[in-house]
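**Student:** Got run.txt for you, compact mmCIF, C-alpha atoms:
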# COMPACT_ATOMS: atom_id res chain seq x y z
CA VAL A 1073 8.58 4.23 -25.16
CA PRO A 1074 5.16 4.71 -23.44
CA MET A 1075 6.94 6.68 -20.70
CA TYR A 1076 8.34 9.35 -23.03
CA GLY A 1077 6.26 11.92 -21.13
CA LEU A 1078 8.88 11.78 -18.36
CA LEU A 1079 10.93 14.08 -20.60
CA ILE A 1080 9.11 16.96 -18.94
CA SER A 1081 11.15 16.17 -15.81
CA PHE A 1082 14.01 17.91 -17.60
CA GLN A 1083 11.92 20.83 -18.87
CA ASP A 1084 10.01 23.89 -17.72
CA TRP A 1085 6.88 22.46 -19.28
CA THR A 1086 3.37 23.87 -19.41
CA PRO A 1087 0.26 22.26 -20.96
CA GLY A 1088 0.20 22.74 -24.71
CA MET A 1089 3.97 22.75 -25.14
CA PRO A 1090 5.51 19.87 -27.14
CA PHE A 1091 7.60 17.33 -25.29
CA MET A 1092 10.31 17.63 -27.91
CA ASP A 1093 10.73 19.86 -30.96
CA PHE A 1094 13.36 21.62 -33.02
CA THR A 1095 11.88 25.13 -33.02
CA GLY A 1096 13.10 26.24 -29.58
CA GLN A 1097 9.73 25.99 -27.82
CA THR A 1098 10.94 23.26 -25.50
CA LYS A 1099 12.70 24.76 -22.47
CA TRP A 1100 15.29 22.25 -21.28
CA VAL A 1101 16.54 22.78 -17.72
CA GLY A 1102 18.59 19.63 -17.19
CA LEU A 1103 18.57 18.33 -13.61
CA LYS A 1104 17.16 21.55 -12.13
CA HIS A 1105 13.94 19.97 -10.84
CA PHE A 1106 15.77 16.99 -9.33
CA SER A 1107 18.18 19.34 -7.57
CA THR A 1108 15.27 21.43 -6.28
CA PHE A 1109 13.57 18.34 -4.89
CA VAL A 1110 16.71 16.98 -3.19
CA HIS A 1111 17.34 20.37 -1.54
CA ASP A 1112 13.69 20.77 -0.54
CA PRO A 1113 13.37 20.99 3.28
CA TYR A 1114 10.61 18.35 3.07
CA PHE A 1115 12.74 15.91 1.05
CA TRP A 1116 13.74 13.55 3.87
CA ARG A 1117 10.33 13.81 5.51
CA LEU A 1118 8.67 12.76 2.23
CA ILE A 1119 11.02 9.80 1.82
CA LYS A 1120 10.71 8.77 5.47
CA ASN A 1121 6.89 8.97 5.58
CA THR A 1122 6.55 7.07 2.31
CA LEU A 1123 8.89 4.30 3.48
CA VAL A 1124 7.33 4.10 6.97
CA LEU A 1125 3.75 3.81 5.71
CA SER A 1126 4.82 1.34 3.02
CA ALA A 1127 6.84 -0.77 5.47
CA MET A 1128 4.01 -0.87 8.03
CA ASN A 1129 1.48 -1.87 5.39
CA LEU A 1130 3.77 -4.45 3.83
CA GLY A 1131 4.96 -5.90 7.14
CA ILE A 1132 1.47 -6.35 8.59
CA ALA A 1133 -0.70 -6.66 5.50
CA PHE A 1134 1.50 -9.49 4.21
CA TRP A 1135 0.49 -11.84 7.03
CA ILE A 1136 -3.17 -10.96 7.61
CA PRO A 1137 -4.53 -12.48 4.33
CA ILE A 1138 -2.47 -15.66 4.86
CA ILE A 1139 -3.69 -16.15 8.43
CA PHE A 1140 -7.28 -15.35 7.46
CA SER A 1141 -7.24 -17.74 4.49
CA LEU A 1142 -5.79 -20.51 6.67
CA LEU A 1143 -8.58 -20.02 9.21
CA ILE A 1144 -11.28 -19.90 6.53
CA ASN A 1145 -9.84 -23.00 4.90
CA GLU A 1146 -10.37 -24.93 8.15
CA VAL A 1147 -14.05 -23.90 8.47
CA ARG A 1148 -16.42 -26.75 7.68
CA LEU A 1149 -19.72 -24.80 7.85
CA VAL A 1150 -20.21 -23.84 4.21
CA LYS A 1151 -22.73 -21.03 4.84
CA PHE A 1152 -20.56 -19.36 7.46
CA LYS A 1153 -17.51 -19.79 5.25
CA LYS A 1154 -19.20 -18.03 2.32
CA PHE A 1155 -20.51 -15.27 4.59
CA ALA A 1156 -17.05 -14.64 6.09
CA GLN A 1157 -15.41 -14.53 2.66
CA THR A 1158 -18.01 -12.15 1.24
CA ALA A 1159 -17.89 -9.86 4.28
CA SER A 1160 -14.08 -9.73 4.16
CA TYR A 1161 -13.64 -8.72 0.53
CA MET A 1162 -16.66 -6.39 0.22
CA PRO A 1163 -14.69 -3.35 1.53
CA TYR A 1164 -12.34 -3.76 -1.46
CA PHE A 1165 -15.16 -2.69 -3.79
CA ILE A 1166 -16.05 0.37 -1.75
CA SER A 1167 -14.70 3.69 -3.02
CA SER A 1168 -11.64 5.02 -1.20
CA VAL A 1169 -13.54 8.24 -0.55
CA VAL A 1170 -16.31 6.30 1.21
CA VAL A 1171 -13.79 4.26 3.22
CA ALA A 1172 -12.00 7.43 4.36
CA GLY A 1173 -15.36 9.05 5.18
CA MET A 1174 -16.32 6.05 7.32
CA ALA A 1175 -12.96 6.23 9.09
CA LEU A 1176 -13.39 9.95 9.82
CA SER A 1177 -16.86 9.23 11.16
CA PHE A 1178 -15.57 6.49 13.46
CA LEU A 1179 -12.71 8.70 14.67
CA SER A 1180 -14.71 11.90 15.20
CA SER A 1181 -15.44 13.35 18.66
CA ASP A 1182 -18.87 11.67 18.70
CA GLY A 1183 -17.78 8.60 16.75
CA ILE A 1184 -18.02 5.00 17.87
CA ILE A 1185 -14.39 4.85 19.06
CA ASN A 1186 -14.70 7.89 21.33
CA LYS A 1187 -18.03 6.63 22.64
CA PHE A 1188 -16.34 3.38 23.61
CA ILE A 1189 -13.52 5.32 25.28
CA MET A 1190 -16.07 7.33 27.31
CA MET A 1191 -17.89 4.13 28.28
CA MET A 1192 -14.59 2.88 29.71
CA GLY A 1193 -14.21 6.12 31.69
CA GLY A 1194 -11.67 7.79 29.41
CA GLU A 1195 -11.59 11.24 27.83
CA PRO A 1196 -12.50 11.51 24.12
CA PHE A 1197 -9.88 12.81 21.71
CA LEU A 1198 -9.51 13.12 17.96
CA LEU A 1199 -7.30 10.17 17.07
CA ASN A 1200 -7.09 11.27 13.42
CA MET A 1201 -5.60 14.61 14.48
CA LYS A 1202 -2.65 13.07 16.34
CA PRO A 1203 0.42 12.88 14.01
CA GLN A 1204 1.99 10.07 16.06
CA TYR A 1205 -1.08 7.86 15.54
CA PHE A 1206 -1.61 8.58 11.85
CA PRO A 1207 0.57 5.69 10.49
CA ILE A 1208 -1.33 3.21 12.69
CA VAL A 1209 -4.74 4.61 11.70
CA TYR A 1210 -3.87 4.50 8.00
CA THR A 1211 -2.41 0.99 8.22
CA VAL A 1212 -5.49 -0.42 9.99
CA ILE A 1213 -7.86 1.19 7.46
CA ASN A 1214 -5.82 -0.01 4.48
CA ILE A 1215 -5.56 -3.57 5.81
CA TRP A 1216 -9.28 -3.72 6.59
CA ARG A 1217 -10.06 -2.66 3.04
CA ASN A 1218 -7.67 -5.01 1.22
CA PHE A 1219 -7.01 -8.16 3.26
CA GLY A 1220 -10.15 -9.98 2.07
CA TRP A 1221 -9.22 -9.56 -1.58
CA GLY A 1222 -5.71 -10.86 -0.93
CA SER A 1223 -7.07 -13.90 0.89
CA ILE A 1224 -8.95 -14.95 -2.28
CA LEU A 1225 -5.63 -15.58 -4.03
CA TYR A 1226 -4.35 -17.72 -1.16
CA LEU A 1227 -7.60 -19.68 -0.89
CA SER A 1228 -7.54 -20.46 -4.60
CA SER A 1229 -3.94 -21.69 -4.26
CA MET A 1230 -4.86 -23.84 -1.26
CA ALA A 1231 -7.73 -25.38 -3.21
CA SER A 1232 -5.25 -26.56 -5.85
CA ILE A 1233 -3.04 -28.43 -3.36
CA ASP A 1234 -3.33 -32.21 -3.71
CA PRO A 1235 -5.28 -33.44 -0.61
CA THR A 1236 -3.40 -36.75 -0.70
CA LEU A 1237 -0.33 -34.85 0.52
CA TYR A 1238 -2.17 -33.94 3.73
CA GLU A 1239 -3.50 -37.47 4.10
CA ALA A 1240 -0.02 -38.94 3.76
CA ALA A 1241 1.39 -36.43 6.24
CA SER A 1242 -1.37 -37.24 8.77
CA LEU A 1243 -0.63 -40.94 8.46
CA ASP A 1244 3.02 -40.18 9.18
CA GLY A 1245 2.01 -38.36 12.35
CA ALA A 1246 2.45 -34.75 11.16
CA ASN A 1247 0.60 -32.17 13.26
CA THR A 1248 -1.15 -29.03 11.96
CA TRP A 1249 1.97 -26.85 12.13
CA GLN A 1250 4.10 -29.44 10.33
CA ARG A 1251 1.51 -29.83 7.58
CA PHE A 1252 1.49 -26.06 7.10
CA ARG A 1253 5.28 -25.77 7.16
CA TYR A 1254 6.11 -28.63 4.81
CA ILE A 1255 3.07 -28.73 2.52
CA THR A 1256 0.95 -25.58 2.55
CA TRP A 1257 3.68 -22.93 2.77
CA PRO A 1258 5.90 -24.34 -0.03
CA GLN A 1259 2.84 -24.63 -2.28
CA LEU A 1260 1.90 -21.01 -1.55
CA ARG A 1261 5.31 -19.57 -2.37
CA PRO A 1262 4.55 -18.54 -5.99
CA THR A 1263 1.33 -16.84 -4.90
CA THR A 1264 3.10 -15.23 -1.95
CA PHE A 1265 5.79 -13.76 -4.20
CA PHE A 1266 3.21 -12.37 -6.63
CA VAL A 1267 1.11 -10.85 -3.83
CA THR A 1268 4.22 -9.32 -2.24
CA ILE A 1269 5.23 -7.58 -5.47
CA ILE A 1270 1.73 -6.18 -6.05
CA LEU A 1271 1.41 -5.19 -2.40
CA THR A 1272 4.77 -3.38 -2.48
CA ILE A 1273 3.82 -1.34 -5.54
CA ASN A 1274 0.43 -0.46 -4.05
CA CYS A 1275 2.02 0.53 -0.74
CA PHE A 1276 4.14 3.16 -2.48
CA LYS A 1277 1.09 4.58 -4.24
CA VAL A 1278 -0.47 5.79 -1.00
CA TYR A 1279 -2.56 8.86 -1.75
CA ASP A 1280 -6.37 8.70 -1.79
CA ILE A 1281 -7.03 7.66 1.80
CA VAL A 1282 -4.07 9.73 3.04
CA TYR A 1283 -5.45 12.79 1.26
CA MET A 1284 -8.92 12.29 2.69
CA LEU A 1285 -7.65 11.77 6.25
CA ALA A 1286 -5.09 14.57 6.22
CA GLY A 1287 -6.55 16.99 3.68
CA GLY A 1288 -8.78 18.76 6.17
CA SER A 1289 -6.30 18.85 9.05
CA ASN A 1290 -4.84 22.26 8.06
CA GLY A 1291 -1.32 20.89 8.13
CA ILE A 1292 -1.58 19.21 11.54
CA LEU A 1293 -0.77 15.81 10.06
CA ASN A 1294 1.85 16.94 7.54
CA LYS A 1295 4.62 15.71 9.81
CA SER A 1296 3.52 12.09 9.39
CA ALA A 1297 1.04 12.13 6.49
CA ILE A 1298 2.77 13.96 3.65
CA VAL A 1299 4.05 11.32 1.20
CA LEU A 1300 5.55 11.38 -2.29
CA VAL A 1301 2.31 10.83 -4.23
CA TYR A 1302 0.57 13.50 -2.13
CA HIS A 1303 3.46 15.90 -2.88
CA ILE A 1304 3.31 15.07 -6.60
CA TYR A 1305 -0.41 15.88 -6.71
CA GLU A 1306 0.03 19.17 -4.84
CA GLU A 1307 2.84 20.36 -7.11
CA ALA A 1308 1.23 19.20 -10.35
CA PHE A 1309 -2.42 20.19 -9.93
CA ARG A 1310 -2.32 22.95 -7.34
CA ASN A 1311 0.94 24.73 -8.11
CA TRP A 1312 0.94 23.67 -11.80
CA ASP A 1313 4.66 22.95 -11.65
CA LEU A 1314 4.36 19.91 -13.88
CA GLY A 1315 8.06 19.58 -14.65
CA TYR A 1316 8.97 19.46 -10.96
CA ALA A 1317 6.10 17.04 -10.21
CA SER A 1318 7.29 14.76 -13.02
CA ALA A 1319 10.80 14.76 -11.54
CA VAL A 1320 9.42 13.70 -8.14
CA ALA A 1321 7.38 10.99 -9.90
CA MET A 1322 10.56 9.68 -11.50
CA VAL A 1323 12.21 9.52 -8.07
CA LEU A 1324 9.21 7.52 -6.81
CA PHE A 1325 9.47 5.21 -9.82
CA LEU A 1326 13.18 4.58 -9.16
CA LEU A 1327 12.44 3.93 -5.48
CA VAL A 1328 9.75 1.34 -6.30
CA LEU A 1329 11.98 -0.23 -8.96
CA ALA A 1330 14.87 -0.58 -6.49
CA VAL A 1331 12.67 -2.23 -3.84
CA THR A 1332 11.11 -4.57 -6.43
CA LEU A 1333 14.52 -5.64 -7.75
CA ILE A 1334 15.66 -6.37 -4.19
CA GLN A 1335 12.58 -8.54 -3.73
CA PHE A 1336 13.28 -10.44 -6.96
CA ARG A 1337 16.88 -10.99 -5.88
CA GLY A 1338 15.76 -12.22 -2.47
CA GLU A 1339 13.21 -14.58 -4.04
CA LYS A 1340 15.89 -16.11 -6.28
CA LYS A 1341 18.19 -16.72 -3.30
CA TYR A 1342 15.29 -18.17 -1.32
CA ALA A 1343 14.36 -20.46 -4.21
CA ASN A 1344 17.91 -21.76 -4.43
Let's see the structure in the file written out as structure tokens.

**Tutor:**
Amino acid sequence: VPMYGLLISFQDWTPGMPFMDFTGQTKWVGLKHFSTFVHDPYFWRLIKNTLVLSAMNLGIAFWIPIIFSLLINEVRLVKFKKFAQTASYMPYFISSVVVAGMALSFLSSDGIINKFIMMMGGEPFLLNMKPQYFPIVYTVINIWRNFGWGSILYLSSMASIDPTLYEAASLDGANTWQRFRYITWPQLRPTTFFVTIILTINCFKVYDIVYMLAGGSNGILNKSAIVLVYHIYEEAFRNWDLGYASAVAMVLFLLVLAVTLIQFRGEKKYAN
């Protein structure tokens, strides 16, 4: 019921028009917008870029918080432990615009990365203007911003594990890897599943940082940077084709729903 606004996907809708009425004001067009999107020359590029960026973020960002939380959990210096935790999740509270601005500054011709390249005897180049490097640049920025926040969930789960389990395993001769495999990892499974679902949904919502990194490239990065949410924004708020944008949003919703259902199915099989 709260998603009744998706009705405009089947209409030529403009602001001020009712979503549904019986006076003839509503202009129903059926599956016109969906057909237009499927036959759009950018259709497969949009799907591919969205899936590639999402897969890279999910595949790498899934492990970084777990590894980091395991390392932090082994630290015995309380002050250093608190400092490392605070420093890791502070980027999460920084605005996406600021994060993207910092990234553009680092990647600029006189940025810290190019200065390092010149120190090593190389030639400077604009990394953020190379379409083939854009997925890597975006993934690194996104992981840096979010991995600290994800590690908090794993650290809280580790804190709830009964320490006597580790003591018993040590007495039985279990090494560090065996303790992780048979005690820590099974105890983290519920948290891991929750984080994976949230991470998957967030990966498909890529927009803000992508827009900031690619928005000023005059189309140079469109080959690798244009994604579904970016396309939705352009069509809705620049071209004012709200019906078409809503149809693309529904396609994105169905894509996320399908991936999430696959994850739930896989979790059930894994649990059994």

**Student:** Using all atoms listed in the file for the distances, tell me which of A:Tyr1254, A:Phe1266, A:Trp1216, A:Phe1276 is nearest to Ser1229 of chain A.

**Tutor:**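 Nearest candidate to Ser1229 of chain A out of A:Tyr1254, A:Phe1266, A:Trp1216, A:Phe1276: A:Phe1266.
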
**Student:** Between A:Asp1244, A:Pro1163, A:Leu1198, A:Val1170, single out the one closest to Gly1183 of chain A, counting only C-alpha atoms.

**Tutor:** A:Leu1198

**Student:** Between atom CA of Leu1079 of chain A and atom CA of Leu1329 of chain A, what is the distance in Å, rounded to a tenth?

**Tutor:** 18.5 Å

**Student:** Can you pull out the residues contacting Glu1307 of chain A? Cut-off 12 Å, using only C-alpha atoms, and skip same-chain residues under 3 positions away; I want them as a PDB file with C-alpha atoms, keeping the file's coordinate frame.

**Tutor:**
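As written to disk, result-v8.pdb reads:
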ATOM      1  CA  HIS A1105      13.940  19.970 -10.840  1.00  0.00           C
ATOM      2  CA  PHE A1109      13.570  18.340  -4.890  1.00  0.00           C
ATOM      3  CA  LEU A1300       5.550  11.380  -2.290  1.00  0.00           C
ATOM      4  CA  VAL A1301       2.310  10.830  -4.230  1.00  0.00           C
ATOM      5  CA  TYR A1302       0.570  13.500  -2.130  1.00  0.00           C
ATOM      6  CA  HIS A1303       3.460  15.900  -2.880  1.00  0.00           C
ATOM      7  CA  ILE A1304       3.310  15.070  -6.600  1.00  0.00           C
ATOM      8  CA  ARG A1310      -2.320  22.950  -7.340  1.00  0.00           C
ATOM      9  CA  ASN A1311       0.940  24.730  -8.110  1.00  0.00           C
ATOM     10  CA  TRP A1312       0.940  23.670 -11.800  1.00  0.00           C
ATOM     11  CA  ASP A1313       4.660  22.950 -11.650  1.00  0.00           C
ATOM     12  CA  LEU A1314       4.360  19.910 -13.880  1.00  0.00           C
ATOM     13  CA  GLY A1315       8.060  19.580 -14.650  1.00  0.00           C
ATOM     14  CA  TYR A1316       8.970  19.460 -10.960  1.00  0.00           C
ATOM     15  CA  ALA A1317       6.100  17.040 -10.210  1.00  0.00           C
ATOM     16  CA  SER A1318       7.290  14.760 -13.020  1.00  0.00           C
ATOM     17  CA  ALA A1319      10.800  14.760 -11.540  1.00  0.00           C
ATOM     18  CA  VAL A1320       9.420  13.700  -8.140  1.00  0.00           C
ATOM     19  CA  ALA A1321       7.380  10.990  -9.900  1.00  0.00           C
TER      20      ALA A1321
END

**Student:** Against segment 1256-1261 of chain A, which residues of segment 1108-1212 of chain A fall within 12 Å? For each one I want the closest pair of atoms and the distance in Å (one decimal), counting all atoms listed in the file, rows by chain and increasing residue number, as CSV.

**Tutor:**
residue,atom,partner,partner_atom,distance
A:Ile1138,CA,A:Leu1260,CA,9.4
A:Ile1139,CA,A:Trp1257,CA,11.5
A:Ser1141,CA,A:Leu1260,CA,11.4
A:Leu1142,CA,A:Thr1256,CA,9.4
A:Asn1145,CA,A:Thr1256,CA,11.3

**Student:** Write the residues of the preceding selection, restricted to C-alpha atoms, as a tab-separated table (two decimals), in the coordinates of the input.

**Tutor:**
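Output (again_29.tsv):
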chain	number	residue	atom	x	y	z
A	1138	ILE	CA	-2.47	-15.66	4.86
A	1139	ILE	CA	-3.69	-16.15	8.43
A	1141	SER	CA	-7.24	-17.74	4.49
A	1142	LEU	CA	-5.79	-20.51	6.67
A	1145	ASN	CA	-9.84	-23.00	4.90

**Student:** Using all atoms listed in the file for the distances, tell me which of A:Met1089, A:Val1328, A:Met1128, A:Met1322 is nearest to Ile1208 of chain A.

**Tutor:** A:Met1128

**Student:** Give me the residues near Gly1222 of chain A as a VMD selection string, where near means some atom within 10 Å (using only C-alpha atoms) and where sequence neighbours in that chain fewer than 3 positions away do not count.

**Tutor:** chain A and resid 1133 to 1134 1136 to 1138 1140 to 1141 1160 to 1161 1164 1215 1218 to 1219 1225 to 1227 1264 1267 1271

**Student:** So how far away is atom CA of Phe1082 of chain A from atom CA of Gly1102 of chain A, in Å?

**Tutor:**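 Separation between atom CA of Gly1102 of chain A and atom CA of Phe1082 of chain A: 4.9 Å.
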
**Student:** Which residue out of A:Leu1324, A:Ala1159, A:Val1101, A:Ile1166 has the minimum interatomic distance to Trp1085 of chain A when all atoms listed in the file are used?

**Tutor:**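 Once distances to Trp1085 of chain A are computed over all atoms listed in the file, the minimum belongs to A:Val1101.
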
**Student:** Tell me, in Å to one decimal, how far atom CA of Asn1129 of chain A is from atom CA of Val1169 of chain A.

**Tutor:**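 Taking atom CA of Asn1129 of chain A and atom CA of Val1169 of chain A, their separation equals 19.1 Å.
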
**Student:** Using only C-alpha atoms, find all polymer residues with an atom at most 7 Å away from the point (-8.0, 4.0, 7.4); report them as a PyMOL selection string.

**Tutor:** chain A and resi 1172+1175+1209-1214+1281

**Student:** Pick the closest to Leu1125 of chain A from A:Phe1165, A:Tyr1205, A:Phe1197, A:Trp1221: which is it, counting only C-alpha atoms?

**Tutor:**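 Among the listed residues, the smallest separation from Leu1125 of chain A belongs to A:Tyr1205.
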
**Student:** Could you check the closest approach to Phe1325 of chain A for each of A:Ile1185, A:Ala1231, A:Met1075, A:Ile1132 and tell me which residue wins, using all atoms listed in the file?

**Tutor:**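 Of A:Ile1185, A:Ala1231, A:Met1075, A:Ile1132, the one nearest Phe1325 of chain A, counting all atoms listed in the file, is A:Met1075.
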